[in-house]
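So this block is query_37.cif, mmCIF, C-alpha atoms:
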data_upload
loop_
_atom_site.label_atom_id
_atom_site.label_comp_id
_atom_site.auth_asym_id
_atom_site.auth_seq_id
_atom_site.Cartn_x
_atom_site.Cartn_y
_atom_site.Cartn_z
CA MET A 1325 -10.80 -14.91 5.31
CA ILE A 1326 -8.85 -11.71 5.94
CA ASN A 1327 -10.10 -9.46 8.73
CA GLY A 1328 -9.46 -5.76 9.20
CA LEU A 1329 -6.54 -6.16 11.59
CA THR A 1330 -4.75 -8.50 9.18
CA LEU A 1331 -5.38 -6.13 6.27
CA LYS A 1332 -4.13 -3.18 8.33
CA ASN A 1333 -0.91 -5.03 9.19
CA ALA A 1334 -0.54 -6.11 5.56
CA PHE A 1335 -0.67 -2.49 4.33
CA ILE A 1336 1.90 -1.46 6.96
CA SER A 1337 4.13 -4.42 6.04
CA GLY A 1338 3.89 -3.51 2.34
CA ALA A 1339 4.83 0.10 3.14
CA ASN A 1340 7.81 -1.04 5.22
CA ASN A 1341 9.02 -3.38 2.48
CA ILE A 1342 9.11 -0.68 -0.19
CA SER A 1343 10.70 1.70 2.31
CA LYS A 1344 13.50 -0.80 3.04
CA HIS A 1345 14.28 -1.26 -0.64
CA LYS A 1346 13.53 2.22 -2.00
CA ASN A 1347 17.15 2.95 -3.00
CA MET A 1348 17.31 -0.24 -5.05
CA VAL A 1349 14.09 0.80 -6.81
CA ASN A 1350 15.49 4.33 -7.35
CA ASP A 1351 18.49 2.77 -9.10
CA LEU A 1352 16.15 1.07 -11.63
CA ASN A 1353 14.32 4.30 -12.41
CA ILE A 1354 14.98 5.26 -16.03
CA PHE A 1355 11.43 5.48 -17.47
CA PRO A 1356 9.66 7.79 -18.26
CA VAL A 1357 12.51 10.01 -17.02
CA PRO A 1358 15.71 8.85 -15.31
CA ASP A 1359 15.20 10.94 -12.17
CA GLY A 1360 15.94 8.15 -9.66
CA ASP A 1361 13.03 8.86 -7.32
CA THR A 1362 10.44 6.15 -8.02
CA GLY A 1363 11.33 4.17 -4.89
CA THR A 1364 11.30 7.27 -2.70
CA ASN A 1365 7.96 8.42 -4.12
CA MET A 1366 6.32 5.01 -3.72
CA SER A 1367 7.72 4.70 -0.21
CA MET A 1368 6.39 8.14 0.82
CA THR A 1369 3.00 7.35 -0.72
CA MET A 1370 2.68 4.01 1.09
CA SER A 1371 4.01 5.47 4.34
CA ALA A 1372 1.18 8.01 4.31
CA ALA A 1373 -1.27 5.10 4.47
CA ALA A 1374 0.74 3.21 7.09
CA ASN A 1375 0.96 6.25 9.36
CA GLU A 1376 -2.81 6.72 9.16
CA LEU A 1377 -3.55 3.04 9.77
CA ILE A 1378 -1.28 2.83 12.81
CA LYS A 1379 -3.62 5.33 14.50
CA THR A 1380 -6.85 3.41 13.84
CA GLU A 1381 -8.42 0.75 16.03
CA ASN A 1382 -10.87 -0.22 13.28
CA THR A 1383 -11.14 -3.96 12.55
CA HIS A 1384 -13.55 -3.73 9.61
CA ALA A 1385 -11.67 -4.68 6.41
CA GLY A 1386 -13.69 -2.36 4.18
CA GLU A 1387 -13.00 0.59 6.49
CA ILE A 1388 -9.29 -0.23 6.69
CA ALA A 1389 -9.06 -0.20 2.88
CA LYS A 1390 -11.00 3.07 2.74
CA ILE A 1391 -8.69 4.76 5.28
CA ALA A 1392 -5.63 3.48 3.41
CA ALA A 1393 -6.93 4.63 0.01
CA SER A 1394 -7.79 8.10 1.30
CA ALA A 1395 -4.34 8.52 2.88
CA LEU A 1396 -2.62 7.20 -0.26
CA LEU A 1397 -4.36 9.74 -2.48
CA ARG A 1398 -3.55 12.59 -0.08
CA GLY A 1399 0.06 11.44 0.27
CA ALA A 1400 0.67 10.50 -3.37
CA ARG A 1401 4.08 11.52 -4.67
CA GLY A 1402 5.23 11.38 -8.29
CA ASN A 1403 3.41 8.88 -10.48
CA SER A 1404 0.46 7.91 -8.27
CA GLY A 1405 -0.12 4.49 -9.87
CA VAL A 1406 0.01 2.75 -6.51
CA SER A 1407 -2.54 5.14 -4.96
CA LEU A 1408 -4.92 4.58 -7.89
CA LEU A 1409 -4.53 0.81 -7.59
CA PHE A 1410 -5.50 0.85 -3.94
CA ARG A 1411 -8.30 3.36 -4.47
CA GLY A 1412 -9.94 0.88 -6.82
CA PHE A 1413 -9.05 -1.95 -4.45
CA SER A 1414 -10.87 -0.20 -1.58
CA LYS A 1415 -13.99 0.20 -3.75
CA GLY A 1416 -13.94 -3.55 -4.33
CA ILE A 1417 -14.14 -4.41 -0.64
CA GLU A 1418 -16.35 -1.55 0.49
CA GLY A 1419 -18.72 -2.63 3.25
CA LYS A 1420 -17.04 -6.02 3.75
CA GLU A 1421 -16.03 -6.92 7.29
CA THR A 1422 -13.83 -9.81 6.12
CA ILE A 1423 -12.54 -10.59 2.65
CA SER A 1424 -12.02 -13.82 0.73
CA GLY A 1425 -9.60 -14.71 -2.05
CA ILE A 1426 -12.21 -13.89 -4.67
CA ASP A 1427 -12.79 -10.50 -3.00
CA LEU A 1428 -9.05 -9.76 -3.13
CA ALA A 1429 -8.74 -10.65 -6.83
CA ASN A 1430 -11.85 -8.70 -7.83
CA ALA A 1431 -10.84 -5.68 -5.75
CA LEU A 1432 -7.39 -5.62 -7.33
CA GLY A 1433 -9.12 -5.81 -10.72
CA LEU A 1434 -10.98 -2.57 -9.98
CA GLY A 1435 -7.67 -0.98 -8.99
CA VAL A 1436 -6.07 -2.05 -12.28
CA GLU A 1437 -9.01 -0.54 -14.19
CA ASP A 1438 -8.61 2.75 -12.31
CA ALA A 1439 -4.87 2.85 -13.00
CA TYR A 1440 -5.32 2.21 -16.74
CA LYS A 1441 -8.13 4.77 -17.05
CA ALA A 1442 -5.96 7.45 -15.43
CA VAL A 1443 -3.39 7.31 -18.24
CA MET A 1444 -4.15 8.85 -21.62
CA LYS A 1445 -1.86 6.41 -23.46
CA PRO A 1446 -1.08 3.41 -21.22
CA THR A 1447 2.46 2.11 -21.71
CA GLU A 1448 3.00 -1.63 -21.36
CA GLY A 1449 6.18 -2.70 -19.60
CA THR A 1450 5.37 -0.54 -16.58
CA ILE A 1451 3.55 -0.91 -13.25
CA LEU A 1452 0.36 -1.16 -15.34
CA THR A 1453 1.48 -4.42 -16.95
CA VAL A 1454 2.71 -5.83 -13.64
CA SER A 1455 -0.58 -5.04 -11.88
CA ARG A 1456 -2.72 -6.35 -14.75
CA VAL A 1457 -0.93 -9.69 -15.03
CA ALA A 1458 -0.92 -10.04 -11.22
CA CYS A 1459 -4.67 -9.51 -11.23
CA GLU A 1460 -5.23 -12.03 -14.05
CA LYS A 1461 -3.22 -14.68 -12.14
CA GLY A 1462 -5.16 -13.85 -8.97
CA LYS A 1463 -8.52 -14.26 -10.66
CA ALA A 1464 -7.43 -17.56 -12.21
CA ALA A 1465 -6.33 -18.78 -8.77
CA ALA A 1466 -9.59 -17.61 -7.16
CA ALA A 1467 -11.52 -19.69 -9.69
CA ILE A 1468 -9.63 -22.76 -8.43
CA GLU A 1469 -9.68 -22.04 -4.71
CA ASP A 1470 -11.30 -19.18 -2.80
CA ASP A 1471 -8.51 -18.92 -0.25
CA ALA A 1472 -6.97 -15.51 0.44
CA VAL A 1473 -3.39 -16.76 0.88
CA TYR A 1474 -3.59 -18.95 -2.23
CA VAL A 1475 -4.94 -16.06 -4.30
CA TRP A 1476 -2.51 -13.42 -2.99
CA SER A 1477 0.41 -15.83 -3.52
CA ALA A 1478 -0.70 -16.17 -7.16
CA ILE A 1479 -0.96 -12.37 -7.42
CA CYS A 1480 2.63 -11.98 -6.15
CA LYS A 1481 3.90 -14.71 -8.50
CA GLY A 1482 2.10 -13.12 -11.45
CA ALA A 1483 3.56 -9.72 -10.60
CA ALA A 1484 7.09 -11.13 -10.38
CA GLU A 1485 6.72 -12.95 -13.72
CA ALA A 1486 5.32 -9.82 -15.40
CA LEU A 1487 8.17 -7.72 -14.00
CA GLU A 1488 10.68 -9.98 -15.77
CA THR A 1489 8.96 -9.30 -19.11
CA THR A 1490 9.10 -5.48 -18.80
CA PRO A 1491 12.43 -5.12 -20.67
CA GLU A 1492 10.94 -7.02 -23.62
CA LEU A 1493 7.98 -4.62 -23.72
CA LEU A 1494 9.92 -1.40 -23.20
CA PRO A 1495 13.12 -1.11 -25.28
CA VAL A 1496 14.56 1.65 -23.06
CA LEU A 1497 14.60 -0.82 -20.15
CA LYS A 1498 16.22 -3.54 -22.24
CA LYS A 1499 18.91 -1.15 -23.41
CA ALA A 1500 19.73 -0.22 -19.81
CA GLY A 1501 19.52 -3.84 -18.63
CA VAL A 1502 16.92 -3.15 -15.94
CA VAL A 1503 13.31 -4.04 -15.09
CA ASP A 1504 10.66 -1.36 -14.58
CA ALA A 1505 11.13 0.55 -11.31
CA GLY A 1506 7.42 1.07 -10.61
CA GLY A 1507 6.71 -2.59 -11.31
CA LYS A 1508 9.49 -3.65 -8.93
CA GLY A 1509 8.10 -1.31 -6.27
CA LEU A 1510 4.66 -2.85 -6.63
CA CYS A 1511 6.13 -6.36 -6.26
CA LEU A 1512 7.78 -5.28 -3.01
CA ILE A 1513 4.48 -3.91 -1.67
CA LEU A 1514 2.53 -7.05 -2.65
CA ASP A 1515 5.22 -9.30 -1.14
CA GLY A 1516 5.17 -7.29 2.08
CA MET A 1517 1.41 -7.82 2.28
CA LEU A 1518 1.77 -11.55 1.60
CA SER A 1519 4.15 -11.89 4.56
CA VAL A 1520 1.24 -10.92 6.84
CA PHE A 1521 -1.49 -12.84 4.99
CA LYS A 1522 0.56 -16.04 4.84
CA ASP A 1523 2.79 -16.06 7.94
CA ASN A 1524 1.36 -13.23 10.07
CA VAL A 1525 4.81 -11.62 9.92
CA LEU A 1526 4.84 -7.83 9.62
CA ILE A 1527 8.01 -6.76 7.83
CA ALA A 1528 9.81 -4.17 9.95
CA ASP A 1529 10.87 -0.84 8.48
#
The structure given in the file should be rewritten as structure tokens.
Amino acid sequence: MINGLTLKNAFISGANNISKHKNMVNDLNIFPVPDGDTGTNMSMTMSAAANELIKTENTHAGEIAKIAASALLRGARGNSGVSLLFRGFSKGIEGKETISGIDLANALGLGVEDAYKAVMKPTEGTILTVSRVACEKGKAAAAIEDDAVYVWSAICKGAAEALETTPELLPVLKKAGVVDAGGKGLCLILDGMLSVFKDNVLIAD
């Protein structure tokens, strides 16, 4: 089970991981416009949550997710896919003091729904695809074993596999020989969170 302190550290670790690699993500940024700021925007968005969480002493997982989601929406920069994902995620664990693997997978599922609903014409081969496949893998894992680390590991693996398919789904990416920037940014955030869930190691900024 994941408690509030672990979830708090996981969010901060995820924010630090995208911050460390934001320039690499910027270099991938060619869709929908090649403005080279996806990594910076995702980093600023996640940092807004991290900065808020650092100030809280709360150890209730549902409250931690709520604080993070609120800060993400206020601090959202550019395409706010990541803030929408975690807004839905926070709804999924509302009121829960600790969270299981099943809780994590279901909560991410609500986030994916929110992200898809926010786009008039969802484009596959983007962060949407990466989050959806990650969620599907997480739910499949949760059906086998309700262990948070097992489920989140499956989520990260699913996200990484989906990221590799983005050039096949989006010709503009294939032409440029890159994967989707937003999808890569999400993988970095999820991996940063896994570092805390699995090894209790908070990735430094």
Got a sec: who's within 12 Å of A:Asp1515, counting all atoms listed in the file, leaving out chain neighbours fewer than 6 positions off, as a list in words?
Ala1334, Phe1335, Ile1336, Ser1337, Gly1338, Ala1339, Asn1340, Asn1341, Ile1342, Ala1458, Val1473, Trp1476, Ser1477, Ala1478, Ile1479, Cys1480, Lys1481, Gly1482, Ala1483, Ala1484, Lys1508, Gly1509, Phe1521, Lys1522, Asp1523, Val1525, Leu1526 and Ile1527 of chain A
Selection under test: the PyMOL selection byres ((chain A and resi 1457) around 12); residues as a ChimeraX atom specification:
/A:1429,1432-1433,1436,1448-1456,1458-1464,1478-1490,1507,1511
Translate the PyMOL selection byres ((chain A and resi 1376) around 10), as applied to the file shown, into an explicit residue set as an MDAnalysis selection string.
chainID A and resid 1336 1371:1375 1377:1380 1388 1391:1392 1394:1396
From A:Asn1347, A:Asn1333, A:Ser1407, A:Thr1383, residue lying nearest A:Asp1361 [all atoms listed in the file]
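Comparing A:Asn1347, A:Asn1333, A:Ser1407, A:Thr1383 against A:Asp1361, the winner is A:Asn1347.
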How many Å separate atom CA of A:Asn1430 from atom CA of A:Arg1411?
13.0 Å
Might you spell out which residues the PyMOL selection byres ((chain A and resi 1414-1419) around 9) would select in the displayed file, as a list of chain:residue names?
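On the file shown, the PyMOL selection byres ((chain A and resi 1414-1419) around 9) covers A:His1384, A:Ala1385, A:Gly1386, A:Glu1387, A:Ile1388, A:Ala1389, A:Lys1390, A:Ile1391, A:Ala1392, A:Ala1393, A:Leu1409, A:Phe1410, A:Arg1411, A:Gly1412, A:Phe1413, A:Lys1420, A:Glu1421, A:Thr1422, A:Ile1423, A:Asp1427, A:Leu1428, A:Asn1430, A:Ala1431, A:Leu1432, A:Gly1433, A:Leu1434, A:Gly1435.
The nearest approach to A:Asn1327 among the residues A:Leu1510, A:Asn1350, A:Val1520, A:Pro1491, with all atoms listed in the file taken into account, belongs to A:Val1520.
Atom CA of A:Arg1398 is positioned 28.2 Å from atom CA of A:Asn1524.
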Separation of atom CA of A:Asp1351 from atom CA of A:Ala1500, in Å and rounded to one decimal:
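That distance, rounded to one decimal, is 11.2 Å.
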Considering all atoms listed in the file, can you say which of A:Gly1360, A:Leu1329, A:Ile1426, A:Asp1529 comes closest to A:Ile1468?
A:Ile1426
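With all atoms listed in the file as the atoms that count, the residue of A:Ala1505, A:Ala1465, A:Ala1439, A:Met1517 with the shortest distance to A:Asn1365 is A:Ala1505.
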Give me the residues within 10 Å of A:Asn1353 as a list of chain:residue names, counting only C-alpha atoms and dropping any in the same chain fewer than 4 places off.
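Using only C-alpha atoms, the neighbours found are A:Asn1347, A:Met1348, A:Val1349, A:Val1357, A:Pro1358, A:Asp1359, A:Gly1360, A:Asp1361, A:Thr1362, A:Gly1363, A:Leu1497, A:Val1502, A:Val1503, A:Asp1504, A:Ala1505, A:Gly1506, A:Lys1508.
Of the listed residues (A:Thr1447, A:Gly1501, A:Leu1518, A:Ser1424), A:Ser1424 comes nearest to A:Asp1470; the distances count only C-alpha atoms.
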Which residue of A:Val1475, A:Gly1399, A:Lys1445, A:Gly1328 approaches A:Thr1369 most closely, using only C-alpha atoms
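Of the candidates, the smallest distance to A:Thr1369 is held by A:Gly1399.
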